[in-house]
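These notes concern the structure reproduced below.
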Amino acid sequence: MLSKKEDSGGKKGSHQTELYTAVPATCLPIVYSPEYNITFMGLEKLHPFDAGKWGKVIRFLKEEQFITDEIIVPAREASEADLLVVHTARYLNRLKNAILEGSREWSLVVATITEIPPLLFLPNFLVQRKVLKPLRTQTGGTIMAGKLAMDRGWAINVGGGFHHCSSDKGGGFCAYADITLAIKFLFERVEGVARATIIDLDAHQGNGHERDFLDDRRVYIMDVYNRHIYPGDGYAKRAIKRKVELDWGTEDMEYLQKVELHSEGALNEVRPDIIIYNAGTDILDGDALGGLAISPQGIVKRDEIIFRAARRRGIPILMVTSGGYQKKTARIIADSILNLHRQGLIGEEAVEGAGPSHVPLMMTKSALAAI
């Protein structure tokens with residue numbers, strides 16, 4: 001399933017980018033960089049988000065002998081020119097610079113978005129290097145994975161999914177609108193991509209991409225979320241074509257039935273050229289911010305339902321990992337990826353030029369229990 005290759009400049013009028021460079025056929029379309037992880041004198045522990053979960057996912061996949069460093073696609077940081085495809089210059093400047101000498105507006109904005117108040121008192125260069133650069137690298141990874149999905153039929157960015165950020169406003173630990181950016185890059189640079197469907201299964205409403213695509217008929221949005229929690233953005237909800245609002249404590253049976261029913265309905269209603277799947281794990285039982293009660297096995301099954309629906313229709317799919325606020329979510333994400341491989345929904349068979357034998361897959365007990 002190949003898209004017409006575009007050079008890094010894309011169509012006439014597009015800026016030059018490093019995010020659409022050629023990827024060796026021996027690589028799996030799994031995008032990651034050690035730069036994803038946020039570690040900064042323990043300040044990351046002041047937010048319930050596990051700011052190192054992305055590296056843990058990769059470590060678990062290596063332990064199970066599914067991947068090696070050589071076959072991972074290394075993510076590149078999104079440049080300012082890349083970000084300006086969606087973001088306003090004013091918004092990026094508010095993240096990047098002190099507007100007035102002695103002003104703390106830059107740190108206030110980032111501290112508010114990341115929900116880590118002590119960032120307010122840190123020098124700008126540290127905030128840039130230790131907080132925003134990792135988020136820009138994850139954003140670059142999502143854009144790269146969009147192109148890979150079109151080339152290979154599927155791709156996973158082990159990070160990303162910043163679905164609360166829109167072109168001119170961040171929030172909820174989301175500083176850059178990576179989902180919007182990935183779609184806009186595809187529309188502008190890859191021939192044959194004219195429609196996209198976002199399936200957002202994070203526990204929270206994806207108000208960022210909803211605001212960005214509110215009046216864009218090319219983008220179909222399905223959003224399944226806890227109706228009682230952040231952000232409660234009524235204006236953004238107008239962009240949702242298939243809205244599934246859940247109550248506190250929703251469990252596996254009801255949840256999986258609704259996910260399957262509505263994902264099938266969404267893809268039957270409009271056939272997109274690509275699916276962007278926001279696979280948040282904050283639906284897990286016990287998540288303090290998600291408020292739902294889905295088991296680890298339920299999350300694995302959920303991801304399988306979405307990938308199977310895409311595969312059955314021959315639609316490329318890009319998965320991002322989004323929210324997930326417990327230490328065990330990294331293990332669940334890894335188990336889900338292993339299950340997708342076991343089910344034949346991802347793997348080296350989708351990589352051009354890969355040999356018949358690659359790396360043996362060893363399923364964990366928790367992954368096997370989910371099947």
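Please note that chains go A, B, ... in the order of the structure tokens, that every chain numbers its residues from 1, and that ligands are numbered from 1 in the order shown.
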Shell of 6 Å around region 210-226 of chain A, only C-alpha atoms, local chain residues under 6 positions omitted, as a list in words: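 Within the cut-off, the hits are Ser166, Arg195, Ala196, Thr197, Ile198, Ile199, Asp200, Leu201, Ala203, His204, Ala236, Ala239, Ile240, Lys241, Arg242, Lys243, Val244, Glu245, Leu246 and Asp247 of chain A.
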Residue list (strand (DSSP E or B), DSSP) for region 136-348 of chain A, as number ranges by chain: A: 154-157, 166, 169, 171, 174, 196-200, 219-226, 242-246, 274-278, 284, 294, 317-320
Could you dump the residues just selected with N, CA, C and O atoms as a short mmCIF file (atom, residue, chain, number, x, y, z; two decimals), in the first residue's frame?
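That gives us selection-v2.cif:
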data_model
loop_
_atom_site.label_atom_id
_atom_site.label_comp_id
_atom_site.auth_asym_id
_atom_site.auth_seq_id
_atom_site.Cartn_x
_atom_site.Cartn_y
_atom_site.Cartn_z
N TRP A 154 0.59 0.96 7.78
CA TRP A 154 0.41 1.21 9.21
C TRP A 154 1.66 1.89 9.76
O TRP A 154 2.74 1.76 9.18
N ALA A 155 1.50 2.58 10.85
CA ALA A 155 2.65 3.15 11.57
C ALA A 155 2.21 3.45 12.98
O ALA A 155 1.03 3.72 13.25
N ILE A 156 3.18 3.39 13.90
CA ILE A 156 2.94 3.71 15.30
C ILE A 156 3.99 4.72 15.75
O ILE A 156 5.19 4.46 15.63
N ASN A 157 3.54 5.87 16.22
CA ASN A 157 4.43 6.76 16.96
C ASN A 157 4.26 6.40 18.43
O ASN A 157 3.16 6.51 18.99
N SER A 166 -4.54 23.07 19.94
CA SER A 166 -5.00 23.55 18.64
C SER A 166 -3.97 24.53 18.09
O SER A 166 -2.90 24.70 18.67
N LYS A 169 -3.62 27.45 20.85
CA LYS A 169 -3.79 27.26 22.29
C LYS A 169 -3.42 25.84 22.69
O LYS A 169 -3.85 24.88 22.06
N GLY A 171 -2.86 22.98 26.19
CA GLY A 171 -3.49 22.63 27.46
C GLY A 171 -3.42 21.14 27.70
O GLY A 171 -3.18 20.37 26.77
N CYS A 174 -0.46 19.20 26.49
CA CYS A 174 -0.34 19.20 25.03
C CYS A 174 0.10 20.58 24.56
O CYS A 174 -0.68 21.54 24.61
N ALA A 196 -9.43 12.29 5.83
CA ALA A 196 -8.85 11.65 7.01
C ALA A 196 -9.93 11.44 8.05
O ALA A 196 -10.84 12.27 8.19
N THR A 197 -9.83 10.33 8.77
CA THR A 197 -10.72 10.08 9.91
C THR A 197 -9.88 10.00 11.18
O THR A 197 -8.89 9.25 11.23
N ILE A 198 -10.25 10.78 12.17
CA ILE A 198 -9.63 10.69 13.50
C ILE A 198 -10.54 9.84 14.38
O ILE A 198 -11.73 10.15 14.53
N ILE A 199 -10.00 8.76 14.93
CA ILE A 199 -10.71 7.96 15.93
C ILE A 199 -10.00 8.21 17.26
O ILE A 199 -8.89 7.73 17.48
N ASP A 200 -10.61 8.99 18.10
CA ASP A 200 -10.00 9.44 19.35
C ASP A 200 -10.60 8.66 20.51
O ASP A 200 -11.76 8.88 20.89
N VAL A 219 -12.15 16.13 7.07
CA VAL A 219 -11.77 15.40 8.28
C VAL A 219 -13.01 14.97 9.04
O VAL A 219 -13.84 15.81 9.43
N TYR A 220 -13.13 13.66 9.26
CA TYR A 220 -14.24 13.07 10.02
C TYR A 220 -13.70 12.71 11.40
O TYR A 220 -12.67 12.03 11.51
N ILE A 221 -14.39 13.16 12.44
CA ILE A 221 -13.91 12.91 13.80
C ILE A 221 -14.92 12.06 14.57
O ILE A 221 -16.10 12.40 14.67
N MET A 222 -14.40 10.95 15.11
CA MET A 222 -15.15 10.12 16.07
C MET A 222 -14.43 10.26 17.41
O MET A 222 -13.22 10.09 17.50
N ASP A 223 -15.17 10.59 18.44
CA ASP A 223 -14.57 10.81 19.75
C ASP A 223 -15.38 10.08 20.81
O ASP A 223 -16.60 10.26 20.92
N VAL A 224 -14.70 9.23 21.59
CA VAL A 224 -15.32 8.46 22.67
C VAL A 224 -14.62 8.90 23.96
O VAL A 224 -13.41 8.73 24.10
N TYR A 225 -15.36 9.47 24.91
CA TYR A 225 -14.72 10.07 26.07
C TYR A 225 -15.67 10.12 27.25
O TYR A 225 -16.89 10.01 27.12
N ASN A 226 -15.08 10.29 28.42
CA ASN A 226 -15.84 10.49 29.66
C ASN A 226 -16.46 11.89 29.62
O ASN A 226 -15.74 12.90 29.61
N ARG A 242 -19.17 11.76 15.05
CA ARG A 242 -19.70 10.59 15.80
C ARG A 242 -19.23 10.71 17.23
O ARG A 242 -18.09 10.42 17.57
N LYS A 243 -20.12 11.18 18.08
CA LYS A 243 -19.80 11.48 19.48
C LYS A 243 -20.36 10.39 20.38
O LYS A 243 -21.55 10.06 20.32
N VAL A 244 -19.46 9.80 21.21
CA VAL A 244 -19.87 8.75 22.15
C VAL A 244 -19.42 9.19 23.54
O VAL A 244 -18.24 9.14 23.88
N GLU A 245 -20.38 9.66 24.34
CA GLU A 245 -20.07 10.16 25.67
C GLU A 245 -20.32 9.06 26.71
O GLU A 245 -21.39 8.45 26.74
N LEU A 246 -19.31 8.82 27.54
CA LEU A 246 -19.35 7.76 28.53
C LEU A 246 -19.56 8.33 29.93
O LEU A 246 -19.26 9.49 30.20
N ILE A 274 -6.81 7.86 5.20
CA ILE A 274 -5.98 7.48 6.35
C ILE A 274 -6.80 7.61 7.62
O ILE A 274 -7.69 8.47 7.71
N ILE A 275 -6.50 6.73 8.59
CA ILE A 275 -7.08 6.80 9.93
C ILE A 275 -5.99 7.25 10.89
O ILE A 275 -4.89 6.70 10.89
N ILE A 276 -6.28 8.27 11.69
CA ILE A 276 -5.40 8.66 12.79
C ILE A 276 -6.06 8.17 14.06
O ILE A 276 -7.15 8.62 14.43
N TYR A 277 -5.42 7.23 14.71
CA TYR A 277 -5.98 6.57 15.88
C TYR A 277 -5.28 7.07 17.13
O TYR A 277 -4.09 6.79 17.36
N ASN A 278 -6.02 7.82 17.96
CA ASN A 278 -5.48 8.35 19.22
C ASN A 278 -5.79 7.35 20.33
O ASN A 278 -6.89 7.31 20.87
N LEU A 284 -7.83 3.28 31.51
CA LEU A 284 -7.54 2.16 32.41
C LEU A 284 -8.19 2.35 33.78
O LEU A 284 -8.17 3.44 34.34
N ILE A 294 -11.65 0.45 32.46
CA ILE A 294 -11.31 -0.54 31.44
C ILE A 294 -10.10 -1.34 31.90
O ILE A 294 -9.12 -0.78 32.42
N ILE A 317 -3.30 3.23 8.64
CA ILE A 317 -3.62 3.68 10.00
C ILE A 317 -2.37 4.15 10.70
O ILE A 317 -1.32 3.50 10.64
N LEU A 318 -2.47 5.30 11.35
CA LEU A 318 -1.42 5.86 12.19
C LEU A 318 -1.92 5.86 13.62
O LEU A 318 -2.98 6.41 13.92
N MET A 319 -1.15 5.23 14.51
CA MET A 319 -1.50 5.19 15.93
C MET A 319 -0.54 6.06 16.73
O MET A 319 0.67 6.01 16.54
N VAL A 320 -1.11 6.87 17.64
CA VAL A 320 -0.33 7.64 18.62
C VAL A 320 -0.81 7.23 20.01
O VAL A 320 -1.95 6.81 20.18
#
A:Ile38, A:Leu267, A:Val85, A:Leu256 ranked by distance to Glu304 (chain A), top pick (using only C-alpha atoms): A:Leu256
Point-to-point distance in Å for CA of Thr281 (chain A) and CA of Glu254 (chain A):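 Computing it gives 16.8 Å between the two atoms.
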Nearest residue to Ile71 (chain A) from the set A:Gly347, A:Thr112, A:Asn93, A:Pro34 (distances using only C-alpha atoms):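 Under the stated criterion, the closest residue is A:Gly347.
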Gap from CA of Ile113 (chain A) to CA of Met144 (chain A) - Å, one decimal: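 Separation of CA of Ile113 (chain A) and CA of Met144 (chain A): 24.1 Å.
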For CA of Thr114 (chain A) and CA of Arg94 (chain A), the interatomic separation in Å (one decimal):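 That distance, rounded to one decimal, is 14.1 Å.
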Which residue of A:Asp273, A:Glu191, A:Glu70, A:Asp252 approaches Gly314 (chain A) most closely, using only C-alpha atoms: A:Asp273
Every residue of region 163-301 of chain A that DSSP places in helix (DSSP H, G or I), as a VMD selection string: chain A and resid 178 to 189 207 to 212 236 to 239 252 to 269 296 to 301
Atoms kept (C-alpha atoms) for selection, written as a PDB file, in the first residue's frame:
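Generated output (selection09.pdb):
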ATOM      1  CA  ASP A 178       0.694  16.897  16.314  1.00  0.00           C
ATOM      2  CA  ILE A 179      -2.510  15.255  15.046  1.00  0.00           C
ATOM      3  CA  THR A 180      -3.538  18.347  13.096  1.00  0.00           C
ATOM      4  CA  LEU A 181       0.004  18.724  11.786  1.00  0.00           C
ATOM      5  CA  ALA A 182       0.224  15.122  10.576  1.00  0.00           C
ATOM      6  CA  ILE A 183      -3.031  15.486   8.655  1.00  0.00           C
ATOM      7  CA  LYS A 184      -2.146  18.887   7.160  1.00  0.00           C
ATOM      8  CA  PHE A 185       1.247  17.545   6.036  1.00  0.00           C
ATOM      9  CA  LEU A 186      -0.451  14.617   4.310  1.00  0.00           C
ATOM     10  CA  PHE A 187      -3.023  16.833   2.615  1.00  0.00           C
ATOM     11  CA  GLU A 188      -0.290  19.148   1.355  1.00  0.00           C
ATOM     12  CA  ARG A 189       2.439  16.672   0.448  1.00  0.00           C
ATOM     13  CA  ASN A 207     -10.852  19.405  21.682  1.00  0.00           C
ATOM     14  CA  GLY A 208      -7.603  20.569  20.047  1.00  0.00           C
ATOM     15  CA  HIS A 209      -7.938  18.798  16.704  1.00  0.00           C
ATOM     16  CA  GLU A 210     -11.693  19.371  16.870  1.00  0.00           C
ATOM     17  CA  ARG A 211     -11.202  23.129  16.964  1.00  0.00           C
ATOM     18  CA  ASP A 212      -8.660  22.948  14.147  1.00  0.00           C
ATOM     19  CA  ALA A 236     -15.200  22.000  19.878  1.00  0.00           C
ATOM     20  CA  LYS A 237     -17.841  19.276  20.126  1.00  0.00           C
ATOM     21  CA  ARG A 238     -19.507  20.743  17.051  1.00  0.00           C
ATOM     22  CA  ALA A 239     -16.699  19.217  14.977  1.00  0.00           C
ATOM     23  CA  ASP A 252     -15.084  -3.436  29.295  1.00  0.00           C
ATOM     24  CA  MET A 253     -18.243  -4.965  27.877  1.00  0.00           C
ATOM     25  CA  GLU A 254     -20.136  -1.719  27.323  1.00  0.00           C
ATOM     26  CA  TYR A 255     -17.008   0.110  26.190  1.00  0.00           C
ATOM     27  CA  LEU A 256     -15.830  -2.453  23.628  1.00  0.00           C
ATOM     28  CA  GLN A 257     -19.334  -2.838  22.207  1.00  0.00           C
ATOM     29  CA  LYS A 258     -19.568   0.922  21.673  1.00  0.00           C
ATOM     30  CA  VAL A 259     -16.066   1.167  20.204  1.00  0.00           C
ATOM     31  CA  GLU A 260     -16.728  -1.600  17.691  1.00  0.00           C
ATOM     32  CA  LEU A 261     -20.221  -0.400  16.771  1.00  0.00           C
ATOM     33  CA  HIS A 262     -19.198   3.210  16.242  1.00  0.00           C
ATOM     34  CA  SER A 263     -15.822   2.618  14.589  1.00  0.00           C
ATOM     35  CA  GLU A 264     -17.537   0.355  12.061  1.00  0.00           C
ATOM     36  CA  GLY A 265     -20.252   2.964  11.601  1.00  0.00           C
ATOM     37  CA  ALA A 266     -17.763   5.792  11.140  1.00  0.00           C
ATOM     38  CA  LEU A 267     -15.695   3.939   8.552  1.00  0.00           C
ATOM     39  CA  ASN A 268     -18.809   2.788   6.695  1.00  0.00           C
ATOM     40  CA  GLU A 269     -20.192   6.324   6.663  1.00  0.00           C
ATOM     41  CA  PRO A 296      -5.594  -4.036  30.523  1.00  0.00           C
ATOM     42  CA  GLN A 297      -7.146  -6.809  28.413  1.00  0.00           C
ATOM     43  CA  GLY A 298      -9.880  -4.412  27.346  1.00  0.00           C
ATOM     44  CA  ILE A 299      -7.316  -1.896  26.099  1.00  0.00           C
ATOM     45  CA  VAL A 300      -5.494  -4.573  24.102  1.00  0.00           C
ATOM     46  CA  LYS A 301      -8.779  -5.710  22.576  1.00  0.00           C
TER      47      LYS A 301
END
For Leu84 (chain A), the nearest of the candidates A:Ile58, A:Tyr176, A:Val109, A:Arg129, counting only C-alpha atoms: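 Residue with the minimum atom-to-atom distance to Leu84 (chain A): A:Tyr176.
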Option closest in space to Asp335 (chain A), from A:Asn37, A:Lys56, A:Leu292, A:Val31 [counting only C-alpha atoms]: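 Among the listed residues, A:Lys56 lies closest to Asp335 (chain A).
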Spatial neighbours of Ser167 (chain A), 7 Å, only C-alpha atoms, chain gap at least 5 places, as a PyMOL selection string: chain A and resi 86-88+177+212
